[in-house]
$ cat start-v7.cif   # mmCIF, C-alpha atoms and all ligand atoms
data_coords
loop_
_atom_site.label_atom_id
_atom_site.label_comp_id
_atom_site.auth_asym_id
_atom_site.auth_seq_id
_atom_site.Cartn_x
_atom_site.Cartn_y
_atom_site.Cartn_z
CA MET A 1 7.62 -4.19 -40.11
CA THR A 2 10.73 -4.20 -37.96
CA GLU A 3 12.63 -7.49 -37.73
CA ARG A 4 12.53 -8.46 -34.07
CA LEU A 5 15.76 -10.10 -33.01
CA TYR A 6 14.45 -11.01 -29.55
CA ASP A 7 11.87 -13.33 -31.12
CA ALA A 8 14.58 -15.74 -32.22
CA ASP A 9 17.15 -14.93 -29.54
CA PRO A 10 16.11 -13.17 -26.36
CA TYR A 11 19.74 -13.37 -25.18
CA CYS A 12 20.91 -11.04 -27.97
CA THR A 13 21.77 -7.72 -26.31
CA ARG A 14 24.18 -6.14 -28.81
CA PHE A 15 23.21 -5.70 -32.46
CA ARG A 16 23.83 -3.59 -35.55
CA ALA A 17 20.92 -2.17 -37.53
CA ARG A 18 20.23 0.26 -40.34
CA LEU A 19 18.56 3.57 -39.57
CA ILE A 20 15.24 3.77 -41.46
CA GLU A 21 13.57 6.89 -40.10
CA THR A 22 13.80 9.54 -37.39
CA GLN A 23 11.17 12.03 -36.31
CA THR A 24 11.15 14.61 -33.51
CA LEU A 25 8.11 14.21 -31.24
CA GLY A 26 8.09 16.89 -28.54
CA ASN A 27 11.21 16.38 -26.42
CA ARG A 28 11.91 12.97 -27.98
CA LEU A 29 13.43 11.56 -31.09
CA ALA A 30 11.44 8.62 -32.51
CA VAL A 31 13.80 6.18 -34.22
CA VAL A 32 12.88 3.30 -36.54
CA LEU A 33 15.48 0.66 -37.48
CA ASP A 34 15.32 -2.22 -39.95
CA ARG A 35 15.82 -4.65 -37.04
CA THR A 36 16.00 -4.43 -33.28
CA ALA A 37 16.68 -6.40 -30.12
CA PHE A 38 14.65 -3.89 -28.07
CA TYR A 39 11.36 -5.27 -26.81
CA PRO A 40 8.47 -2.75 -27.07
CA THR A 41 5.85 -2.51 -24.29
CA GLY A 42 3.20 -5.14 -24.91
CA GLY A 43 1.65 -8.42 -23.79
CA GLY A 44 1.91 -7.36 -20.15
CA GLN A 45 5.70 -6.92 -20.41
CA PRO A 46 7.39 -3.48 -20.13
CA HIS A 47 9.77 -2.22 -22.83
CA ASP A 48 13.54 -2.57 -22.75
CA THR A 49 15.97 0.25 -22.16
CA GLY A 50 19.60 0.59 -23.24
CA THR A 51 21.44 2.68 -25.84
CA LEU A 52 21.36 3.36 -29.58
CA ALA A 53 24.65 4.75 -30.94
CA GLY A 54 25.48 5.64 -27.34
CA HIS A 55 22.24 7.59 -26.72
CA PRO A 56 19.84 6.37 -24.03
CA VAL A 57 16.71 4.53 -25.19
CA LEU A 58 13.99 5.93 -22.91
CA GLU A 59 11.02 4.00 -24.20
CA VAL A 60 10.18 1.48 -26.91
CA VAL A 61 6.70 1.27 -28.38
CA GLU A 62 5.00 -0.60 -31.18
CA ARG A 63 3.02 1.20 -33.88
CA ALA A 64 -0.25 -0.23 -35.16
CA ASP A 65 1.52 -1.38 -38.35
CA GLY A 66 3.94 -3.49 -36.30
CA THR A 67 6.90 -1.07 -36.53
CA VAL A 68 9.03 -0.83 -33.38
CA VAL A 69 9.76 2.79 -32.41
CA HIS A 70 12.66 3.70 -30.09
CA MET A 71 12.31 6.94 -28.13
CA LEU A 72 15.56 8.85 -27.52
CA PRO A 73 16.20 12.34 -26.13
CA ALA A 74 15.36 14.89 -28.85
CA ASP A 75 18.96 16.17 -29.05
CA SER A 76 20.41 12.74 -29.93
CA THR A 77 22.49 12.76 -33.11
CA LEU A 78 22.54 9.46 -34.96
CA PRO A 79 25.04 8.43 -37.66
CA GLU A 80 23.81 7.73 -41.21
CA GLY A 81 23.55 4.08 -42.17
CA GLU A 82 24.40 1.45 -39.56
CA LEU A 83 24.42 1.96 -35.83
CA GLU A 84 24.86 -0.19 -32.74
CA GLY A 85 22.18 -0.96 -30.19
CA VAL A 86 22.82 -2.28 -26.67
CA VAL A 87 19.97 -3.62 -24.55
CA ASP A 88 20.16 -3.13 -20.76
CA TRP A 89 20.60 -6.80 -19.89
CA PRO A 90 19.83 -6.80 -16.12
CA ARG A 91 16.45 -5.16 -16.81
CA ARG A 92 15.67 -7.47 -19.75
CA PHE A 93 16.75 -10.61 -17.87
CA ASP A 94 14.57 -9.58 -14.93
CA HIS A 95 11.60 -9.29 -17.29
CA MET A 96 12.45 -12.72 -18.79
CA GLN A 97 12.52 -14.27 -15.32
CA GLN A 98 9.17 -12.74 -14.32
CA HIS A 99 7.51 -13.52 -17.65
CA THR A 100 8.62 -17.15 -17.79
CA GLY A 101 7.71 -17.51 -14.11
CA GLN A 102 4.24 -16.27 -14.99
CA HIS A 103 3.77 -19.01 -17.63
CA ILE A 104 4.82 -21.65 -15.08
CA LEU A 105 2.65 -20.28 -12.28
CA SER A 106 -0.39 -19.90 -14.57
CA GLN A 107 -0.04 -23.47 -15.81
CA ALA A 108 0.40 -24.79 -12.26
CA PHE A 109 -2.93 -23.29 -11.17
CA ALA A 110 -4.63 -24.37 -14.40
CA GLN A 111 -3.49 -27.99 -13.88
CA LEU A 112 -4.16 -28.23 -10.16
CA PHE A 113 -7.36 -26.20 -9.82
CA GLN A 114 -8.64 -25.46 -13.37
CA ALA A 115 -8.02 -21.82 -12.48
CA ASP A 116 -7.34 -19.93 -15.71
CA THR A 117 -5.22 -16.81 -15.90
CA VAL A 118 -7.38 -13.99 -17.24
CA GLY A 119 -4.97 -11.13 -16.56
CA PHE A 120 -1.20 -10.57 -16.28
CA HIS A 121 0.76 -7.50 -15.35
CA LEU A 122 4.51 -7.08 -14.93
CA SER A 123 5.45 -3.88 -13.11
CA GLN A 124 8.77 -2.46 -11.96
CA SER A 125 8.69 -4.15 -8.56
CA TYR A 126 6.19 -7.02 -8.73
CA SER A 127 3.97 -9.02 -11.08
CA THR A 128 0.37 -10.15 -10.83
CA ILE A 129 -1.86 -12.76 -12.43
CA ASP A 130 -5.65 -12.79 -12.15
CA LEU A 131 -7.19 -16.26 -11.80
CA ASN A 132 -10.84 -16.81 -12.71
CA ARG A 133 -11.63 -18.41 -9.33
CA ASN A 134 -12.20 -16.73 -5.98
CA ASP A 135 -12.35 -19.81 -3.76
CA LEU A 136 -8.66 -20.73 -3.53
CA GLY A 137 -7.46 -20.96 0.05
CA GLU A 138 -3.98 -20.62 1.53
CA GLU A 139 -3.28 -24.31 1.02
CA GLU A 140 -4.23 -24.27 -2.64
CA ILE A 141 -2.09 -21.21 -3.28
CA ALA A 142 0.82 -22.93 -1.51
CA SER A 143 0.51 -26.09 -3.59
CA GLY A 144 0.31 -24.07 -6.83
CA GLU A 145 3.48 -22.28 -5.79
CA MET A 146 5.10 -25.62 -4.91
CA LEU A 147 4.35 -27.16 -8.32
CA ALA A 148 5.66 -24.02 -10.07
CA ASN A 149 8.95 -24.23 -8.17
CA GLN A 150 9.25 -27.93 -8.92
CA ILE A 151 9.09 -27.11 -12.63
CA VAL A 152 11.90 -24.59 -12.00
CA PHE A 153 14.01 -27.17 -10.14
CA GLU A 154 13.58 -29.64 -13.01
CA ASP A 155 15.32 -27.09 -15.26
CA ARG A 156 13.11 -27.89 -18.24
CA PRO A 157 13.97 -26.45 -21.66
CA VAL A 158 11.88 -23.49 -22.82
CA SER A 159 11.52 -23.16 -26.61
CA TRP A 160 9.53 -21.02 -29.02
CA ARG A 161 8.47 -21.35 -32.64
CA TRP A 162 6.03 -19.93 -35.14
CA VAL A 163 2.93 -21.92 -36.08
CA ASP A 164 -0.15 -21.32 -38.23
CA THR A 165 -3.77 -21.49 -37.03
CA ALA A 166 -4.20 -25.14 -38.07
CA GLU A 167 -1.09 -26.23 -36.14
CA ALA A 168 -2.05 -24.08 -33.16
CA ARG A 169 -5.33 -25.98 -32.96
CA GLN A 170 -3.38 -29.21 -32.48
CA LEU A 171 -1.48 -27.83 -29.49
CA PRO A 172 -2.82 -27.83 -25.92
CA LEU A 173 -2.56 -24.04 -25.70
CA ARG A 174 -3.39 -22.64 -22.26
CA LYS A 175 -5.38 -19.83 -23.89
CA PRO A 176 -6.73 -19.44 -27.44
CA PRO A 177 -4.35 -17.18 -29.42
CA THR A 178 -5.35 -13.57 -30.08
CA VAL A 179 -3.61 -13.49 -33.50
CA HIS A 180 -4.05 -15.66 -36.59
CA ASP A 181 -1.64 -17.66 -38.72
CA HIS A 182 1.64 -16.19 -37.53
CA ILE A 183 1.39 -17.44 -33.96
CA ARG A 184 4.41 -17.61 -31.64
CA VAL A 185 4.13 -20.52 -29.26
CA VAL A 186 6.30 -20.73 -26.16
CA HIS A 187 6.73 -24.27 -24.92
CA ILE A 188 7.93 -25.25 -21.46
CA GLU A 189 8.82 -28.85 -22.12
CA GLY A 190 6.01 -31.22 -21.25
CA PHE A 191 4.26 -28.60 -19.13
CA ASP A 192 2.95 -25.46 -20.82
CA TRP A 193 2.16 -24.25 -24.33
CA SER A 194 1.32 -20.55 -24.62
CA ALA A 195 0.83 -18.18 -27.51
CA CYS A 196 3.08 -15.31 -26.44
CA GLY A 197 5.24 -12.64 -28.02
CA GLY A 198 7.25 -11.86 -24.89
CA THR A 199 10.83 -12.74 -23.97
CA HIS A 200 11.58 -15.88 -21.94
CA VAL A 201 14.57 -17.65 -20.43
CA ALA A 202 15.90 -20.75 -22.23
CA ARG A 203 15.51 -23.14 -19.28
CA THR A 204 13.13 -23.01 -16.32
CA GLY A 205 16.05 -23.14 -13.87
CA ALA A 206 16.95 -19.56 -14.86
CA VAL A 207 13.62 -18.33 -13.44
CA GLY A 208 14.97 -18.94 -9.94
CA LEU A 209 12.57 -19.00 -7.04
CA ILE A 210 8.87 -18.25 -7.66
CA LYS A 211 7.19 -16.75 -4.60
CA VAL A 212 3.57 -15.66 -4.22
CA THR A 213 3.69 -12.67 -1.87
CA HIS A 214 0.07 -11.53 -1.78
CA THR A 215 -3.39 -12.91 -2.53
CA GLU A 216 -6.40 -10.71 -3.05
CA ARG A 217 -9.97 -11.65 -3.85
CA ARG A 218 -11.48 -9.40 -6.52
CA GLY A 219 -15.09 -10.28 -7.25
CA ALA A 220 -15.11 -13.60 -9.08
CA GLU A 221 -11.32 -13.57 -9.45
CA THR A 222 -8.21 -13.90 -7.34
CA ARG A 223 -5.17 -11.69 -7.91
CA LEU A 224 -1.84 -13.28 -7.04
CA THR A 225 1.15 -11.01 -6.61
CA PHE A 226 4.42 -12.85 -7.18
CA LEU A 227 8.17 -12.41 -7.46
CA CYS A 228 10.66 -14.46 -9.47
CA GLY A 229 14.43 -14.82 -9.58
CA GLY A 230 16.40 -11.74 -8.54
CA ARG A 231 13.27 -10.05 -7.19
CA ALA A 232 12.46 -13.05 -4.98
CA LEU A 233 16.06 -13.10 -3.73
CA ARG A 234 16.03 -9.38 -2.88
CA HIS A 235 12.67 -9.80 -1.16
CA TYR A 236 14.01 -12.71 0.88
CA ALA A 237 17.12 -10.72 1.82
CA ALA A 238 15.01 -7.72 2.89
CA LEU A 239 12.71 -9.91 5.00
CA HIS A 240 15.71 -11.67 6.52
CA THR A 241 17.31 -8.35 7.49
CA LEU A 242 14.02 -7.13 8.94
CA THR A 243 13.22 -10.21 11.00
CA SER A 244 16.82 -10.53 12.20
CA ARG A 245 16.80 -6.90 13.33
CA MET A 246 13.50 -7.40 15.18
CA ALA A 247 14.75 -10.58 16.82
CA ARG A 248 17.95 -8.79 17.94
CA GLN A 249 15.88 -5.94 19.35
CA LEU A 250 13.81 -8.39 21.39
CA THR A 251 16.81 -10.65 22.09
CA VAL A 252 15.09 -13.79 20.86
CA ALA A 253 15.48 -16.14 17.89
CA VAL A 254 13.52 -15.28 14.72
CA ASP A 255 11.12 -18.20 15.15
CA GLU A 256 10.27 -16.99 18.66
CA LEU A 257 9.04 -13.63 17.33
CA PRO A 258 5.30 -14.48 17.08
CA GLY A 259 5.22 -15.71 20.69
CA VAL A 260 7.06 -12.64 21.96
CA VAL A 261 4.80 -10.26 20.02
CA GLN A 262 1.76 -12.04 21.47
CA ARG A 263 3.18 -11.67 24.99
CA LEU A 264 3.93 -7.98 24.43
CA GLN A 265 0.41 -7.39 23.10
CA ASP A 266 -1.15 -9.13 26.12
CA GLU A 267 1.05 -7.13 28.45
CA ALA A 268 0.16 -3.84 26.75
CA ARG A 269 -3.54 -4.71 27.00
CA ARG A 270 -3.24 -5.44 30.72
CA GLU A 271 -1.31 -2.24 31.34
CA ARG A 272 -3.82 -0.18 29.38
CA LYS A 273 -6.60 -1.61 31.50
CA ALA A 274 -4.72 -0.91 34.72
CA ARG A 275 -3.98 2.62 33.58
CA GLU A 276 -7.65 3.23 32.78
CA GLN A 277 -8.64 2.01 36.23
CA LEU A 278 -6.07 4.26 37.86
CA GLN A 279 -7.22 7.16 35.72
CA GLU A 280 -10.78 6.60 36.87
CA LYS A 281 -9.66 6.54 40.51
CA LEU A 282 -7.71 9.77 40.00
CA VAL A 283 -10.71 11.51 38.47
CA GLU A 284 -12.80 10.33 41.40
CA TYR A 285 -10.35 11.83 43.93
CA GLU A 286 -9.94 15.00 41.92
CA ALA A 287 -13.72 15.41 41.68
CA ALA A 288 -14.12 14.95 45.42
CA THR A 289 -11.30 17.41 46.18
CA LEU A 290 -12.63 20.07 43.82
CA ALA A 291 -16.17 19.68 45.15
CA CYS A 292 -15.27 19.96 48.84
CA GLN A 293 -13.07 23.04 48.28
CA ALA A 294 -15.73 24.87 46.26
CA PRO A 295 -17.71 27.78 47.67
CA GLN A 296 -21.44 27.48 48.26
CA MET A 297 -23.88 29.88 46.53
CA GLY A 298 -27.05 29.37 48.48
CA THR A 299 -27.90 25.70 48.12
CA VAL A 300 -25.62 25.21 45.16
CA ARG A 301 -21.90 24.43 45.22
CA VAL A 302 -20.09 26.13 42.31
CA ILE A 303 -16.84 24.52 41.21
CA VAL A 304 -14.82 26.93 39.09
CA GLN A 305 -11.57 25.60 37.71
CA PRO A 306 -9.16 26.63 34.96
CA PHE A 307 -7.01 23.80 33.55
CA ILE A 308 -3.91 24.01 31.41
CA GLY A 309 -2.89 21.31 28.96
CA ARG A 310 -5.39 18.69 30.15
CA VAL A 311 -7.12 16.30 27.77
CA LEU A 312 -10.68 17.51 27.12
CA GLN A 313 -12.05 13.98 27.48
CA GLU A 314 -10.57 13.79 30.99
CA VAL A 315 -12.02 17.19 31.95
CA ARG A 316 -15.44 16.06 30.70
CA GLN A 317 -15.18 12.92 32.85
CA LEU A 318 -14.38 15.07 35.83
CA ALA A 319 -17.39 17.33 35.17
CA SER A 320 -19.69 14.31 34.77
CA ARG A 321 -18.50 12.82 38.02
CA ILE A 322 -19.01 16.04 39.99
CA THR A 323 -22.47 16.69 38.54
CA ALA A 324 -23.49 13.08 39.20
CA GLN A 325 -23.74 14.25 42.84
CA PRO A 326 -26.67 16.57 43.67
CA GLY A 327 -26.33 20.33 44.15
CA ASN A 328 -23.28 21.03 41.95
CA VAL A 329 -22.45 23.37 39.09
CA VAL A 330 -19.09 23.19 37.29
CA LEU A 331 -17.55 26.03 35.31
CA PHE A 332 -14.38 24.70 33.68
CA GLY A 333 -11.93 26.47 31.43
CA LEU A 334 -9.30 24.56 29.50
CA ALA A 335 -6.22 26.29 28.01
CA PRO A 336 -3.84 24.47 25.63
CA GLY A 337 -0.63 23.06 27.09
CA GLY A 338 2.96 23.71 26.05
CA THR A 339 4.31 27.13 25.12
CA GLU A 340 0.91 28.11 23.69
CA GLY A 341 -0.75 27.61 27.03
CA ALA A 342 2.08 29.28 28.94
CA THR A 343 1.78 32.45 26.84
CA GLY A 344 -2.03 32.47 26.88
CA GLN A 345 -2.30 31.85 23.14
CA GLY A 346 -4.35 29.40 21.11
CA LYS A 347 -7.89 28.25 21.52
CA GLY A 348 -9.48 27.77 24.93
CA GLN A 349 -12.38 25.48 25.81
CA LEU A 350 -15.29 26.12 28.14
CA LEU A 351 -17.30 23.39 29.81
CA PHE A 352 -20.33 24.22 31.95
CA ALA A 353 -22.41 21.50 33.63
CA ARG A 354 -24.89 21.10 36.47
CA SER A 355 -26.43 18.33 38.56
CA GLU A 356 -29.95 17.20 37.63
CA ASP A 357 -31.49 18.78 40.73
CA VAL A 358 -30.05 22.26 40.04
CA ALA A 359 -32.17 24.69 38.01
CA GLY A 360 -30.74 26.71 35.11
CA ASP A 361 -29.80 26.26 31.47
CA MET A 362 -26.08 25.67 30.99
CA ARG A 363 -26.35 26.15 27.22
CA ALA A 364 -27.94 29.57 27.71
CA LEU A 365 -25.26 30.46 30.26
CA LEU A 366 -22.47 29.37 27.94
CA GLN A 367 -23.91 31.22 24.97
CA GLU A 368 -24.31 34.42 26.94
CA VAL A 369 -20.71 34.19 28.16
CA CYS A 370 -19.50 33.41 24.65
CA ARG A 371 -21.29 36.45 23.25
CA ALA A 372 -19.37 38.59 25.72
CA VAL A 373 -15.92 37.08 25.14
CA GLY A 374 -16.24 36.40 21.41
CA GLY A 375 -16.57 32.63 21.37
CA SER A 376 -19.20 30.07 20.42
CA GLY A 377 -20.64 26.82 21.69
CA GLY A 378 -23.67 24.66 22.35
CA GLY A 379 -24.95 21.69 24.27
CA SER A 380 -27.86 20.79 26.51
CA PRO A 381 -29.42 22.46 29.57
CA THR A 382 -27.29 20.20 31.80
CA MET A 383 -23.99 20.28 29.92
CA ALA A 384 -22.63 22.74 27.39
CA GLN A 385 -19.28 23.15 25.71
CA GLY A 386 -17.71 25.95 23.71
CA GLY A 387 -14.53 27.72 22.78
CA CYS A 388 -12.94 31.15 22.87
CA ASP A 389 -9.46 32.66 22.79
CA ALA A 390 -7.38 31.10 25.56
CA ALA A 391 -6.43 34.64 26.61
CA ARG A 392 -10.08 35.36 27.53
CA LEU A 393 -10.76 32.16 29.52
CA ALA A 394 -10.34 33.82 32.92
CA GLU A 395 -12.70 36.60 31.91
CA ALA A 396 -15.22 34.02 30.63
CA LEU A 397 -15.17 32.09 33.93
CA GLU A 398 -15.50 35.33 35.89
CA ARG A 399 -18.49 36.40 33.80
CA ALA A 400 -20.11 32.97 34.14
CA GLN A 401 -19.90 33.18 37.94
CA THR A 402 -21.46 36.65 37.97
CA LEU A 403 -24.32 35.55 35.73
CA LEU A 404 -24.85 32.41 37.77
CA ARG A 405 -24.93 34.36 41.01
CA ARG A 406 -27.57 36.65 39.49
CA TRP A 407 -29.67 33.63 38.34
CA LEU A 408 -29.44 31.90 41.69
CA ALA A 409 -30.46 35.09 43.50
CA ASN A 410 -33.71 35.25 41.48
ZN ZN B 1 5.24 -15.11 -22.32
#
$ encode --input "start-v7.cif" --output "structure tokens"
Amino acid sequence: MTERLYDADPYCTRFRARLIETQTLGNRLAVVLDRTAFYPTGGGQPHDTGTLAGHPVLEVVERADGTVVHMLPADSTLPEGELEGVVDWPRRFDHMQQHTGQHILSQAFAQLFQADTVGFHLSQSYSTIDLNRNDLGEEEIASGEMLANQIVFEDRPVSWRWVDTAEARQLPLRKPPTVHDHIRVVHIEGFDWSACGGTHVARTGAVGLIKVTHTERRGAETRLTFLCGGRALRHYAALHTLTSRMARQLTVAVDELPGVVQRLQDEARRERKAREQLQEKLVEYEAATLACQAPQMGTVRVIVQPFIGRVLQEVRQLASRITAQPGNVVLFGLAPGGTEGATGQGKGQLLFARSEDVAGDMRALLQEVCRAVGGSGGGSPTMAQGGCDAARLAEALERAQTLLRRWLAN
């Protein structure tokens, strides 16, 4: 078993150790030392990084027999005998802040709401705990956070020691230990006792701010996402930059932002409504104009119109409005807008419709036209819609008129 220097002193970042074993595993060199200050992934806490004899330590894992294995690039050359290890301190200290913060936060919710932590995860950018209650509201979360920060402000000592099972039973451990006899207990003075093999700061003050940033109900549990120390500071700075920028953009103070956003939303809603009303009016006028300019075929008025770059929904509205009046048939073609439409490329749309009082099957008409121009479509006897090459739209409309004239003559 490797002697773990971080157990006694998590602030030890530089150490000398004897090389016990090396083994090439794929593109990595697995290195075992007699002792190490590198923390291996485990207990919810990610591994340390740093260097061994100047070579980068990419990953640190623990073997089933308790040996700590350092993973280096395969081409690393290590000296015989003793070598020096250096742990990346900013990364380790960040983990210590998050991990100690987790103990404090878990205990705060246990004390205030008998909500036990049943899961913990520390990732590169945030940490989570899972509480075995799903009925905690915003206020409860806020008071848990408040108590946790108070413990930080009180700068209580954090200590750790090894106990056996009998002694562990005497301690008010937050959770029953998962190991026997050789149990490491982390004690936040007068507040929390936890069996834990992770690395922790020496006083709660070093945790810095503890901030819950997200709450999510998951079945019978609640997942709290939180940030401690440097992460909380960076988060605060990012939010501050963001809100300040928004406030500058809207030329108001930050605390006026919600009111301004509300006003802008109301305004946008009113404008959208006004635009819809105007749109409806426009369609009405356009329908009337198209209808009165259209030629008569016997008793039926046939409105033939190619459109370029119009929204299909709008063209459908127009067709509906015209055919809501008796005696009308519409034959619409719709070519795409932009350069595609200008050069007669892309996909064209066909829309045929008739008033209720006019005889004839628009679907049959559309399908016959489509057969001729190489398109396809469907619909009902009163309204049908299809598509063909935009280049053949004019031909399609022409053919539709001819067919329609023939139908109406019969
Ligand atoms: Zn811990």
$ atom_distance --input "start-v7.cif" --atom1 "atom CA of A:Ile308" --atom2 "atom CA of A:Ala268"
28.5 Å
$ residues_around --input "start-v7.cif" --residues "stretch 70-74 of chain A" --least-positions-apart "2" --cutoff "9 Å" --atoms "all atoms listed in the file" --output "list in words"
Thr24, Leu25, Gly26, Asn27, Arg28, Leu29, Ala30, Val31, Val32, Leu33, Phe38, Pro40, Thr51, Leu52, His55, Pro56, Val57, Leu58, Glu59, Val60, Val61, Glu62, Val68, Ser76 and Thr77 of chain A
$ write_last_selection --input "start-v7.cif" --atoms "C-alpha atoms" --output "JSON list (two decimals), in the frame of the given file"
[["chain", "number", "residue", "atom", "x", "y", "z"],
["A", 24, "THR", "CA", 11.15, 14.61, -33.51],
["A", 25, "LEU", "CA", 8.11, 14.21, -31.24],
["A", 26, "GLY", "CA", 8.09, 16.89, -28.54],
["A", 27, "ASN", "CA", 11.21, 16.38, -26.42],
["A", 28, "ARG", "CA", 11.91, 12.97, -27.98],
["A", 29, "LEU", "CA", 13.43, 11.56, -31.09],
["A", 30, "ALA", "CA", 11.44, 8.62, -32.51],
["A", 31, "VAL", "CA", 13.80, 6.18, -34.22],
["A", 32, "VAL", "CA", 12.88, 3.30, -36.54],
["A", 33, "LEU", "CA", 15.48, 0.66, -37.48],
["A", 38, "PHE", "CA", 14.65, -3.89, -28.07],
["A", 40, "PRO", "CA", 8.47, -2.75, -27.07],
["A", 51, "THR", "CA", 21.44, 2.68, -25.84],
["A", 52, "LEU", "CA", 21.36, 3.36, -29.58],
["A", 55, "HIS", "CA", 22.24, 7.59, -26.72],
["A", 56, "PRO", "CA", 19.84, 6.37, -24.03],
["A", 57, "VAL", "CA", 16.71, 4.53, -25.19],
["A", 58, "LEU", "CA", 13.99, 5.93, -22.91],
["A", 59, "GLU", "CA", 11.02, 4.00, -24.20],
["A", 60, "VAL", "CA", 10.18, 1.48, -26.91],
["A", 61, "VAL", "CA", 6.70, 1.27, -28.38],
["A", 62, "GLU", "CA", 5.00, -0.60, -31.18],
["A", 68, "VAL", "CA", 9.03, -0.83, -33.38],
["A", 76, "SER", "CA", 20.41, 12.74, -29.93],
["A", 77, "THR", "CA", 22.49, 12.76, -33.11]]
$ closest_residue --input "start-v7.cif" --among "A:Leu242, A:Met383, A:Ala53, A:Leu224" --to "A:Leu131" --atoms "all atoms listed in the file"
A:Leu224
$ atom_distance --input "start-v7.cif" --atom1 "atom CA of A:Phe120" --atom2 "atom CA of A:Gly205"
21.5 Å
$ residues_near_ligand --input "start-v7.cif" --ligand "ligand ZN 1 (chain B)" --cutoff "9 Å" --atoms "only C-alpha atoms and all ligand atoms" --output "JSON, numbers by chain"
{"A": [43, 44, 45, 96, 99, 100, 101, 102, 103, 185, 186, 194, 195, 196, 197, 198, 199, 200]}
$ write_last_selection --input "start-v7.cif" --atoms "C-alpha atoms" --output "JSON list (two decimals), in the coordinates of the input"
[["chain", "number", "residue", "atom", "x", "y", "z"],
["A", 43, "GLY", "CA", 1.65, -8.42, -23.79],
["A", 44, "GLY", "CA", 1.91, -7.36, -20.15],
["A", 45, "GLN", "CA", 5.70, -6.92, -20.41],
["A", 96, "MET", "CA", 12.45, -12.72, -18.79],
["A", 99, "HIS", "CA", 7.51, -13.52, -17.65],
["A", 100, "THR", "CA", 8.62, -17.15, -17.79],
["A", 101, "GLY", "CA", 7.71, -17.51, -14.11],
["A", 102, "GLN", "CA", 4.24, -16.27, -14.99],
["A", 103, "HIS", "CA", 3.77, -19.01, -17.63],
["A", 185, "VAL", "CA", 4.13, -20.52, -29.26],
["A", 186, "VAL", "CA", 6.30, -20.73, -26.16],
["A", 194, "SER", "CA", 1.32, -20.55, -24.62],
["A", 195, "ALA", "CA", 0.83, -18.18, -27.51],
["A", 196, "CYS", "CA", 3.08, -15.31, -26.44],
["A", 197, "GLY", "CA", 5.24, -12.64, -28.02],
["A", 198, "GLY", "CA", 7.25, -11.86, -24.89],
["A", 199, "THR", "CA", 10.83, -12.74, -23.97],
["A", 200, "HIS", "CA", 11.58, -15.88, -21.94]]
$ atom_distance --input "start-v7.cif" --atom1 "atom CA of A:Asp266" --atom2 "atom CA of A:Glu138"
27.3 Å
$ closest_residue --input "start-v7.cif" --among "A:Thr67, A:Asn132, A:Gln305, A:Ser143" --to "A:Gly219" --atoms "only C-alpha atoms"
A:Asn132
$ closest_residue --input "start-v7.cif" --among "A:Thr128, A:Trp162, A:Gly327, A:Ser320" --to "A:Asp7" --atoms "only C-alpha atoms"
A:Trp162
$ closest_residue --input "start-v7.cif" --among "A:Ala37, A:Met146, A:Val163, A:Leu233" --to "A:His182" --atoms "all atoms listed in the file"
A:Val163
$ residues_around --input "start-v7.cif" --residues "A:Leu318" --least-positions-apart "4" --cutoff "7 Å" --atoms "all atoms listed in the file" --output "ChimeraX atom specification"
/A:283,287,314,322
$ write_last_selection --input "start-v7.cif" --atoms "C-alpha atoms" --output "PDB file, in the frame of the given file"
ATOM      1  CA  VAL A 283     -10.710  11.510  38.470  1.00  0.00           C
ATOM      2  CA  ALA A 287     -13.720  15.410  41.680  1.00  0.00           C
ATOM      3  CA  GLU A 314     -10.570  13.790  30.990  1.00  0.00           C
ATOM      4  CA  ILE A 322     -19.010  16.040  39.990  1.00  0.00           C
TER       5      ILE A 322
END
$ closest_residue --input "start-v7.cif" --among "A:Ala232, A:Leu147, A:Ala384, A:Ala372" --to "A:Gln111" --atoms "all atoms listed in the file"
A:Leu147
$ closest_residue --input "start-v7.cif" --among "A:Thr222, A:Gly54, A:Gln265, A:Leu105" --to "A:Leu78" --atoms "all atoms listed in the file"
A:Gly54
$ residues_around --input "start-v7.cif" --residues "stretch 89-91 of chain A" --least-positions-apart "3" --cutoff "9 Å" --atoms "all atoms listed in the file" --output "ChimeraX atom specification"
/A:11,13,48-50,86,94-96
$ decode --input "start-v7.cif" --residues "stretch 298-302 of chain A" --atoms "N, CA, C and O atoms" --output "tab-separated table (two decimals), in the first residue's frame"
chain	number	residue	atom	x	y	z
A	298	GLY	N	-67.09	31.96	-67.20
A	298	GLY	CA	-68.50	31.65	-66.96
A	298	GLY	C	-68.93	32.31	-65.68
A	298	GLY	O	-68.74	33.52	-65.50
A	299	THR	N	-69.41	31.49	-64.74
A	299	THR	CA	-69.88	32.06	-63.47
A	299	THR	C	-68.78	32.13	-62.43
A	299	THR	O	-68.98	32.62	-61.34
A	300	VAL	N	-67.63	31.60	-62.79
A	300	VAL	CA	-66.54	31.49	-61.81
A	300	VAL	C	-65.45	32.52	-62.09
A	300	VAL	O	-65.10	32.76	-63.24
A	301	ARG	N	-64.94	33.13	-61.00
A	301	ARG	CA	-63.83	34.07	-61.13
A	301	ARG	C	-62.56	33.28	-60.80
A	301	ARG	O	-62.48	32.63	-59.76
A	302	VAL	N	-61.58	33.30	-61.71
A	302	VAL	CA	-60.35	32.52	-61.49
A	302	VAL	C	-59.19	33.47	-61.19
A	302	VAL	O	-58.82	34.29	-62.03
